[in-house]
Amino acid sequence: MSSLHLYDTKSRTTSLFTPIKEGEVGIYLCGATVQAPPHIGHVRSGVNFDILRRWLTKSGYNVTFIRNVTDIDDKILHRAIHEEMPWWALAMKYERIFAEAYAALNVLPPTYEPRATGHITQMIDLMQLLIEREMAYAPGNGDVYLEVRKLESYLTLSRQKLDDLQPAADADETFKRDVRDFALWKAAKPGDPSWPTPWGPGRPGWHLECSAMAHQYLGESFDIHGGGLDLIFPHHENEIAQSEAAGYGFAQRWLHNAWVTASGEKMSKSLGNSLQVHELLKSVRGIELRWYLGSAHYRSMLEFSHESLAESATGFRRIESFLHRSVEILGTLPTPVLGNAFIDAMNDDLAVPAALASISEALRLGNSAITSGDKTVIESSANEIRGALEVLGCDPFDSAFVSGSANEDLTAALDGTIKLALSQREAARLRKDFESSDAIRDGLTALGIVIEDTAQGPRWSISRKSEGSGS
RNA sequence: GGUGGAAUGGCCGAGAGGCGAGGCAAGGGACUGCAAAUCCCUCUACACGGGUUCAAAUCCCGUUUCCACCUCCA
């Protein structure tokens, strides 16, 4: 039995995962700035870390998973003016859209999902502490800065030298002791929302909230901090700077997911609406989009194309189809079981691609067993596949994906109707009246119902058309 | 300028010194009245140039191309 090894961005190595407290894992994941609808890059991060969380839980850990919501920042304020609504209404609007996207992809709700604006008190406390420790200063203009030159270490994640950094184009050096000192707190501008502090009214800088909330929910030291690669600098460097300057141990391990790319380039809003989650969910189901996003290794770039998404969805339906057939044959839902190859793959820094290979193997064995009628192997294959899918968050029997019971009557009626047609077709086939039998099949096909003749008799399913070919 | 990442077959996508992951597509076969589904078989690769080694996609040196971050980013 292997044990979990994870990569760490700070050390740039993969090592045995040992939690601070036995049996417990604390994870802080940087969530979204809720200023626009999510594109698939945003939810890839959610899916990747959801798989990590599920694997840790499956491995027996009690996981506390924090994913924050940044509900106040420059972009939100700008966007709110553009959309002609209060900033807080805009933030809530997009927070809900993000939540819907996460739910559609079966990303489990975090243990706690703190909003930045709900933790101003903790941020002020943290700034107070930093000023007392003489690591931060309030120059009197209402801003509060962290003094980076006083840090014992800085930029250890990105391994850059302070002097090599290009100063920000808009850096205001009037009040900063060093150009690279960054704002913990920004003085209120006329018309902008603000909160009172001992240094004047203002609003939080981007980095401060994560340090404050991680401390609030996970304590001074915790196990894993995650986020997208693009957050390494400056966001995560500055979180480390703030938290270490406060005397906290902070994150023991850093995990960063790679981007979704299109035509080799990092996904961004400029690529348009077609890659927004709700657009893609018009052509594939949530479970299929999740399967696609989770299928690449979390540290590898995922090159998006509609073709590869459609291909991935087809592959998933093959697996799903086997599971449904196993239920028809065995009469019971599979019991999730983990195969050794799957366990070893997941323990190797969440090697999902290798884990998928183990599913392919089980699928092949299972399908062969259906042909040969070997129920023992059908069952063991189905169990193993379901066990794997469950960890990946793609279990088709998960209540998150099973449609509501309101449809049950309708489904039963449809099933009965189609079976009636199929019995007519079987009768025609028996008397070798293939013209009639094919007419029935063609008629059903035209309605989007696919007929397959199996050793156990004919079965039907609703065909799923994939849209979005080419571009 | 600084710091990282990437280049694998028709396509997607793993691997990190030694039996050519896996999937999709393609070709052949089995099954079938036909089809679908399924199974079996086949094909094939490590950007380029050197080097180390019994052995290199993997390590070293150099080169090319692409991508990202450098205070807005998942």
# chains A, B, ... in the order shown; residues from 1 in each chain; ligands from 1
$ interface_residues --of "chain B" --to "chain A" --cutoff "8 Å" --atoms "only C-alpha atoms (C1' of nucleotides)" --output "list in words"
G2, U3, G4, C12, G13, A14, A21, G22, G23, C24, G33, A36, A37, U38, C39, C66, C67, A68, C69, C70, U71, C72, C73 and A74 of chain B
$ write_last_selection --atoms "C-alpha atoms (C1' of nucleotides)" --output "PDB file, in the first residue's frame"
ATOM      1  C1'   G B   2      14.620  38.674 -14.124  1.00  0.00           C
ATOM      2  C1'   U B   3      11.962  33.948 -12.834  1.00  0.00           C
ATOM      3  C1'   G B   4       9.566  29.602 -14.290  1.00  0.00           C
ATOM      4  C1'   C B  12      -5.499  14.152 -27.008  1.00  0.00           C
ATOM      5  C1'   G B  13      -2.344  12.890 -23.232  1.00  0.00           C
ATOM      6  C1'   A B  14       1.154   9.997 -19.351  1.00  0.00           C
ATOM      7  C1'   A B  21       0.820   4.222 -20.226  1.00  0.00           C
ATOM      8  C1'   G B  22      -4.025   4.999 -21.677  1.00  0.00           C
ATOM      9  C1'   G B  23      -7.710   7.062 -24.829  1.00  0.00           C
ATOM     10  C1'   C B  24      -9.583   8.855 -29.657  1.00  0.00           C
ATOM     11  C1'   G B  33     -29.988 -10.742 -40.856  1.00  0.00           C
ATOM     12  C1'   A B  36     -25.038  -0.400 -32.939  1.00  0.00           C
ATOM     13  C1'   A B  37     -22.333  -1.937 -28.878  1.00  0.00           C
ATOM     14  C1'   U B  38     -18.371  -5.077 -27.411  1.00  0.00           C
ATOM     15  C1'   C B  39     -13.867  -7.849 -27.835  1.00  0.00           C
ATOM     16  C1'   C B  66       6.182  28.501 -27.938  1.00  0.00           C
ATOM     17  C1'   C B  67       3.819  29.929 -23.245  1.00  0.00           C
ATOM     18  C1'   A B  68       3.476  32.292 -18.547  1.00  0.00           C
ATOM     19  C1'   C B  69       4.618  35.572 -14.277  1.00  0.00           C
ATOM     20  C1'   C B  70       7.333  40.320 -12.879  1.00  0.00           C
ATOM     21  C1'   U B  71       1.964  44.115  -7.980  1.00  0.00           C
ATOM     22  C1'   C B  72      -5.529  42.780 -12.314  1.00  0.00           C
ATOM     23  C1'   C B  73      -5.500  36.936 -12.922  1.00  0.00           C
ATOM     24  C1'   A B  74      -7.757  29.943 -11.394  1.00  0.00           C
TER      25        A B  74
END
$ select_by_dssp --residues "segment 250-358 of chain A" --states "alpha helix (DSSP H)" --output "PyMOL selection string"
chain A and resi 277-280+286-295+306-330+340-347+352-358
$ write_last_selection --atoms "C-alpha atoms" --output "PDB file, in the first residue's frame"
ATOM      1  CA  VAL A 277     -18.970  27.201 -18.040  1.00  0.00           C
ATOM      2  CA  HIS A 278     -22.653  27.780 -18.733  1.00  0.00           C
ATOM      3  CA  GLU A 279     -21.960  27.878 -22.486  1.00  0.00           C
ATOM      4  CA  LEU A 280     -20.110  24.582 -22.460  1.00  0.00           C
ATOM      5  CA  GLY A 286     -21.625  18.740 -15.999  1.00  0.00           C
ATOM      6  CA  ILE A 287     -20.264  15.289 -15.228  1.00  0.00           C
ATOM      7  CA  GLU A 288     -18.673  15.164 -18.676  1.00  0.00           C
ATOM      8  CA  LEU A 289     -17.125  18.599 -18.369  1.00  0.00           C
ATOM      9  CA  ARG A 290     -15.746  17.597 -14.990  1.00  0.00           C
ATOM     10  CA  TRP A 291     -14.341  14.378 -16.415  1.00  0.00           C
ATOM     11  CA  TYR A 292     -12.601  16.402 -19.101  1.00  0.00           C
ATOM     12  CA  LEU A 293     -11.184  19.024 -16.735  1.00  0.00           C
ATOM     13  CA  GLY A 294     -10.029  16.428 -14.263  1.00  0.00           C
ATOM     14  CA  SER A 295      -8.471  14.088 -16.795  1.00  0.00           C
ATOM     15  CA  HIS A 306     -14.244  21.448 -28.532  1.00  0.00           C
ATOM     16  CA  GLU A 307     -13.064  18.283 -30.265  1.00  0.00           C
ATOM     17  CA  SER A 308     -11.125  16.972 -27.300  1.00  0.00           C
ATOM     18  CA  LEU A 309     -13.988  17.867 -24.976  1.00  0.00           C
ATOM     19  CA  ALA A 310     -16.421  15.940 -27.174  1.00  0.00           C
ATOM     20  CA  GLU A 311     -14.005  13.027 -27.405  1.00  0.00           C
ATOM     21  CA  SER A 312     -13.552  12.970 -23.670  1.00  0.00           C
ATOM     22  CA  ALA A 313     -17.318  13.038 -23.168  1.00  0.00           C
ATOM     23  CA  THR A 314     -17.726  10.083 -25.531  1.00  0.00           C
ATOM     24  CA  GLY A 315     -15.121   8.171 -23.583  1.00  0.00           C
ATOM     25  CA  PHE A 316     -16.930   8.890 -20.361  1.00  0.00           C
ATOM     26  CA  ARG A 317     -20.233   7.687 -21.792  1.00  0.00           C
ATOM     27  CA  ARG A 318     -18.610   4.352 -22.629  1.00  0.00           C
ATOM     28  CA  ILE A 319     -17.703   3.920 -18.988  1.00  0.00           C
ATOM     29  CA  GLU A 320     -21.101   5.072 -17.855  1.00  0.00           C
ATOM     30  CA  SER A 321     -22.778   2.727 -20.299  1.00  0.00           C
ATOM     31  CA  PHE A 322     -20.886  -0.224 -18.864  1.00  0.00           C
ATOM     32  CA  LEU A 323     -21.986   0.717 -15.349  1.00  0.00           C
ATOM     33  CA  HIS A 324     -25.618   0.974 -16.398  1.00  0.00           C
ATOM     34  CA  ARG A 325     -25.448  -2.390 -18.148  1.00  0.00           C
ATOM     35  CA  SER A 326     -23.891  -3.943 -15.079  1.00  0.00           C
ATOM     36  CA  VAL A 327     -26.825  -2.674 -13.030  1.00  0.00           C
ATOM     37  CA  GLU A 328     -29.273  -4.141 -15.556  1.00  0.00           C
ATOM     38  CA  ILE A 329     -27.511  -7.491 -15.389  1.00  0.00           C
ATOM     39  CA  LEU A 330     -26.753  -7.658 -11.670  1.00  0.00           C
ATOM     40  CA  ASN A 340      -4.439  -0.961  -6.279  1.00  0.00           C
ATOM     41  CA  ALA A 341      -3.325   0.607  -9.545  1.00  0.00           C
ATOM     42  CA  PHE A 342      -5.745   3.444  -8.951  1.00  0.00           C
ATOM     43  CA  ILE A 343      -4.562   3.935  -5.369  1.00  0.00           C
ATOM     44  CA  ASP A 344      -0.918   3.979  -6.394  1.00  0.00           C
ATOM     45  CA  ALA A 345      -1.619   6.473  -9.152  1.00  0.00           C
ATOM     46  CA  MET A 346      -3.536   8.846  -6.905  1.00  0.00           C
ATOM     47  CA  ASN A 347      -0.905   8.606  -4.204  1.00  0.00           C
ATOM     48  CA  VAL A 352      -5.073  11.073 -12.588  1.00  0.00           C
ATOM     49  CA  PRO A 353      -3.983  10.115 -16.133  1.00  0.00           C
ATOM     50  CA  ALA A 354      -2.414   6.925 -14.795  1.00  0.00           C
ATOM     51  CA  ALA A 355      -5.499   6.371 -12.667  1.00  0.00           C
ATOM     52  CA  LEU A 356      -7.632   6.623 -15.791  1.00  0.00           C
ATOM     53  CA  ALA A 357      -5.568   3.902 -17.434  1.00  0.00           C
ATOM     54  CA  SER A 358      -6.606   1.616 -14.597  1.00  0.00           C
TER      55      SER A 358
END
$ select_by_dssp --residues "segment 248-345 of chain A" --states "strand (DSSP E)" --output "list in words"
Phe250, Ala251, Gln252, Arg253, Trp254, Leu255, His256, Asn257, Val260, Thr261, Ala262, Glu265, Lys266, Leu302 and Glu303 of chain A
$ residues_around --residues "U65 of chain B" --least-positions-apart "2" --cutoff "12 Å" --atoms "only C-alpha atoms (C1' of nucleotides)" --output "mmCIF file with N, CA and C atoms (P, O5', C5', C4', C3', O3' and C1' of nucleotides), in the first residue's frame"
data_model
loop_
_atom_site.group_PDB
_atom_site.id
_atom_site.type_symbol
_atom_site.label_atom_id
_atom_site.label_comp_id
_atom_site.auth_asym_id
_atom_site.auth_seq_id
_atom_site.Cartn_x
_atom_site.Cartn_y
_atom_site.Cartn_z
ATOM 1 P P A B 6 8.011 21.402 -17.651
ATOM 2 O "O5'" A B 6 7.467 21.619 -19.133
ATOM 3 C "C5'" A B 6 6.092 21.389 -19.424
ATOM 4 C "C4'" A B 6 5.775 21.889 -20.805
ATOM 5 C "C3'" A B 6 6.448 21.155 -21.952
ATOM 6 O "O3'" A B 6 5.773 19.945 -22.239
ATOM 7 C "C1'" A B 6 6.541 23.479 -22.332
ATOM 8 P P A B 7 6.645 18.713 -22.868
ATOM 9 O "O5'" A B 7 6.701 19.116 -24.407
ATOM 10 C "C5'" A B 7 5.490 19.320 -25.129
ATOM 11 C "C4'" A B 7 5.809 19.793 -26.520
ATOM 12 C "C3'" A B 7 6.534 18.751 -27.375
ATOM 13 O "O3'" A B 7 6.003 18.738 -28.697
ATOM 14 C "C1'" A B 7 7.839 20.740 -27.221
ATOM 15 P P A B 47 11.178 15.777 -28.231
ATOM 16 O "O5'" A B 47 11.496 16.499 -29.633
ATOM 17 C "C5'" A B 47 10.483 16.631 -30.628
ATOM 18 C "C4'" A B 47 10.927 17.720 -31.565
ATOM 19 C "C3'" A B 47 12.421 17.672 -31.900
ATOM 20 O "O3'" A B 47 12.664 16.809 -33.012
ATOM 21 C "C1'" A B 47 11.834 19.850 -31.216
ATOM 22 P P C B 48 14.028 15.942 -33.015
ATOM 23 O "O5'" C B 48 15.114 17.054 -33.360
ATOM 24 C "C5'" C B 48 15.091 17.743 -34.605
ATOM 25 C "C4'" C B 48 16.203 18.751 -34.630
ATOM 26 C "C3'" C B 48 17.581 18.199 -34.276
ATOM 27 O "O3'" C B 48 18.187 17.563 -35.380
ATOM 28 C "C1'" C B 48 17.220 20.199 -33.084
ATOM 29 P P U B 63 22.785 28.548 -26.113
ATOM 30 O "O5'" U B 63 22.062 27.983 -27.411
ATOM 31 C "C5'" U B 63 22.621 28.204 -28.714
ATOM 32 C "C4'" U B 63 21.756 27.565 -29.764
ATOM 33 C "C3'" U B 63 20.310 28.034 -29.798
ATOM 34 O "O3'" U B 63 20.168 29.276 -30.459
ATOM 35 C "C1'" U B 63 20.353 25.687 -29.959
ATOM 36 P P C B 67 3.703 32.548 -27.926
ATOM 37 O "O5'" C B 67 3.388 31.993 -26.477
ATOM 38 C "C5'" C B 67 2.260 31.149 -26.264
ATOM 39 C "C4'" C B 67 2.270 30.635 -24.858
ATOM 40 C "C3'" C B 67 2.347 31.683 -23.767
ATOM 41 O "O3'" C B 67 1.095 32.305 -23.570
ATOM 42 C "C1'" C B 67 3.819 29.929 -23.245
#
$ residues_around --residues "segment 100-115 of chain A" --least-positions-apart "3" --cutoff "7 Å" --atoms "only C-alpha atoms (C1' of nucleotides)" --output "PyMOL selection string"
chain A and resi 43+46-47+50+64-71+96-97+118+277+286-287+290+393+400
$ residues_around --residues "segment 17-20 of chain B" --least-positions-apart "3" --cutoff "10 Å" --atoms "only C-alpha atoms (C1' of nucleotides)" --output "ChimeraX atom specification"
/B:44-45,53,55-56,58-59
$ atom_distance --atom1 "atom CA of Tyr217 of chain A" --atom2 "atom CA of Leu29 of chain A"
12.1 Å
$ decode --residues "segment 20-35 of chain B" --atoms "N, CA, C and O atoms (P, O5', C5', C4', C3', O3' and C1' of nucleotides)" --output "short mmCIF file (atom, residue, chain, number, x, y, z; two decimals), in the first residue's frame"
data_model
loop_
_atom_site.label_atom_id
_atom_site.label_comp_id
_atom_site.auth_asym_id
_atom_site.auth_seq_id
_atom_site.Cartn_x
_atom_site.Cartn_y
_atom_site.Cartn_z
P G B 20 8.88 -2.16 -25.09
"O5'" G B 20 8.78 -1.09 -23.92
"C5'" G B 20 7.66 -0.52 -23.44
"C4'" G B 20 7.35 0.79 -24.12
"C3'" G B 20 5.86 0.91 -24.36
"O3'" G B 20 5.47 2.21 -24.02
"C1'" G B 20 7.04 1.37 -26.33
P A B 21 4.83 2.99 -23.25
"O5'" A B 21 3.72 2.13 -22.53
"C5'" A B 21 2.34 2.34 -22.81
"C4'" A B 21 1.65 2.46 -21.49
"C3'" A B 21 0.15 2.44 -21.59
"O3'" A B 21 -0.33 1.12 -21.68
"C1'" A B 21 0.82 4.22 -20.23
P G B 22 -1.24 0.72 -22.90
"O5'" G B 22 -2.51 1.64 -22.66
"C5'" G B 22 -3.28 1.49 -21.49
"C4'" G B 22 -4.18 2.69 -21.32
"C3'" G B 22 -4.99 3.05 -22.55
"O3'" G B 22 -6.12 2.21 -22.73
"C1'" G B 22 -4.03 5.00 -21.68
P G B 23 -6.68 1.95 -24.19
"O5'" G B 23 -7.43 3.32 -24.50
"C5'" G B 23 -8.47 3.76 -23.65
"C4'" G B 23 -8.83 5.18 -23.99
"C3'" G B 23 -9.27 5.41 -25.43
"O3'" G B 23 -10.62 5.05 -25.63
"C1'" G B 23 -7.71 7.06 -24.83
P C B 24 -11.08 4.45 -26.99
"O5'" C B 24 -11.01 5.72 -27.95
"C5'" C B 24 -11.87 6.83 -27.74
"C4'" C B 24 -11.51 7.95 -28.68
"C3'" C B 24 -11.50 7.59 -30.16
"O3'" C B 24 -12.81 7.55 -30.71
"C1'" C B 24 -9.58 8.86 -29.66
P A B 25 -13.12 6.53 -31.88
"O5'" A B 25 -12.17 7.05 -33.06
"C5'" A B 25 -12.47 8.26 -33.73
"C4'" A B 25 -11.37 8.58 -34.72
"C3'" A B 25 -11.10 7.52 -35.78
"O3'" A B 25 -12.04 7.58 -36.84
"C1'" A B 25 -9.05 8.25 -34.88
P A B 26 -12.45 6.25 -37.61
"O5'" A B 26 -11.08 5.79 -38.30
"C5'" A B 26 -10.49 6.58 -39.33
"C4'" A B 26 -9.22 5.93 -39.80
"C3'" A B 26 -9.36 4.46 -40.20
"O3'" A B 26 -9.87 4.32 -41.50
"C1'" A B 26 -7.45 4.73 -38.83
P G B 27 -10.84 3.12 -41.83
"O5'" G B 27 -9.83 1.88 -41.93
"C5'" G B 27 -8.87 1.83 -42.98
"C4'" G B 27 -7.96 0.65 -42.78
"C3'" G B 27 -8.65 -0.68 -42.51
"O3'" G B 27 -9.15 -1.30 -43.69
"C1'" G B 27 -6.89 -0.39 -40.98
P G B 28 -10.43 -2.24 -43.57
"O5'" G B 28 -9.83 -3.52 -42.85
"C5'" G B 28 -8.91 -4.36 -43.54
"C4'" G B 28 -8.41 -5.44 -42.61
"C3'" G B 28 -9.47 -6.34 -42.01
"O3'" G B 28 -9.97 -7.32 -42.90
"C1'" G B 28 -7.94 -5.71 -40.33
P G B 29 -11.49 -7.79 -42.79
"O5'" G B 29 -11.48 -8.62 -41.43
"C5'" G B 29 -10.83 -9.87 -41.38
"C4'" G B 29 -10.76 -10.36 -39.96
"C3'" G B 29 -12.07 -10.75 -39.30
"O3'" G B 29 -12.54 -12.02 -39.73
"C1'" G B 29 -10.74 -9.54 -37.77
P A B 30 -14.11 -12.35 -39.70
"O5'" A B 30 -14.36 -12.51 -38.12
"C5'" A B 30 -13.81 -13.61 -37.43
"C4'" A B 30 -14.21 -13.55 -35.97
"C3'" A B 30 -15.72 -13.52 -35.73
"O3'" A B 30 -16.28 -14.83 -35.77
"C1'" A B 30 -14.67 -11.88 -34.39
P C B 31 -17.71 -15.05 -36.42
"O5'" C B 31 -18.68 -14.29 -35.41
"C5'" C B 31 -18.85 -14.78 -34.09
"C4'" C B 31 -19.67 -13.78 -33.29
"C3'" C B 31 -21.00 -13.37 -33.93
"O3'" C B 31 -22.01 -14.33 -33.66
"C1'" C B 31 -19.87 -11.44 -33.19
P U B 32 -22.99 -14.82 -34.79
"O5'" U B 32 -23.82 -13.50 -35.12
"C5'" U B 32 -24.69 -12.95 -34.14
"C4'" U B 32 -25.27 -11.67 -34.66
"C3'" U B 32 -25.93 -11.76 -36.03
"O3'" U B 32 -27.26 -12.24 -35.92
"C1'" U B 32 -24.55 -9.83 -35.93
P G B 33 -27.78 -13.29 -36.94
"O5'" G B 33 -27.79 -12.48 -38.31
"C5'" G B 33 -27.70 -13.17 -39.56
"C4'" G B 33 -28.24 -12.28 -40.63
"C3'" G B 33 -27.64 -10.89 -40.70
"O3'" G B 33 -26.42 -10.89 -41.40
"C1'" G B 33 -29.99 -10.74 -40.86
P C B 34 -25.17 -10.13 -40.77
"O5'" C B 34 -25.58 -8.59 -40.92
"C5'" C B 34 -25.62 -8.01 -42.21
"C4'" C B 34 -26.34 -6.70 -42.16
"C3'" C B 34 -25.71 -5.63 -41.27
"O3'" C B 34 -24.62 -4.99 -41.89
"C1'" C B 34 -28.05 -5.65 -40.97
P A B 35 -23.38 -4.54 -41.02
"O5'" A B 35 -24.03 -3.50 -39.99
"C5'" A B 35 -24.28 -2.17 -40.40
"C4'" A B 35 -25.13 -1.44 -39.38
"C3'" A B 35 -24.47 -1.09 -38.06
"O3'" A B 35 -23.62 0.03 -38.17
"C1'" A B 35 -26.66 -1.85 -37.67
#
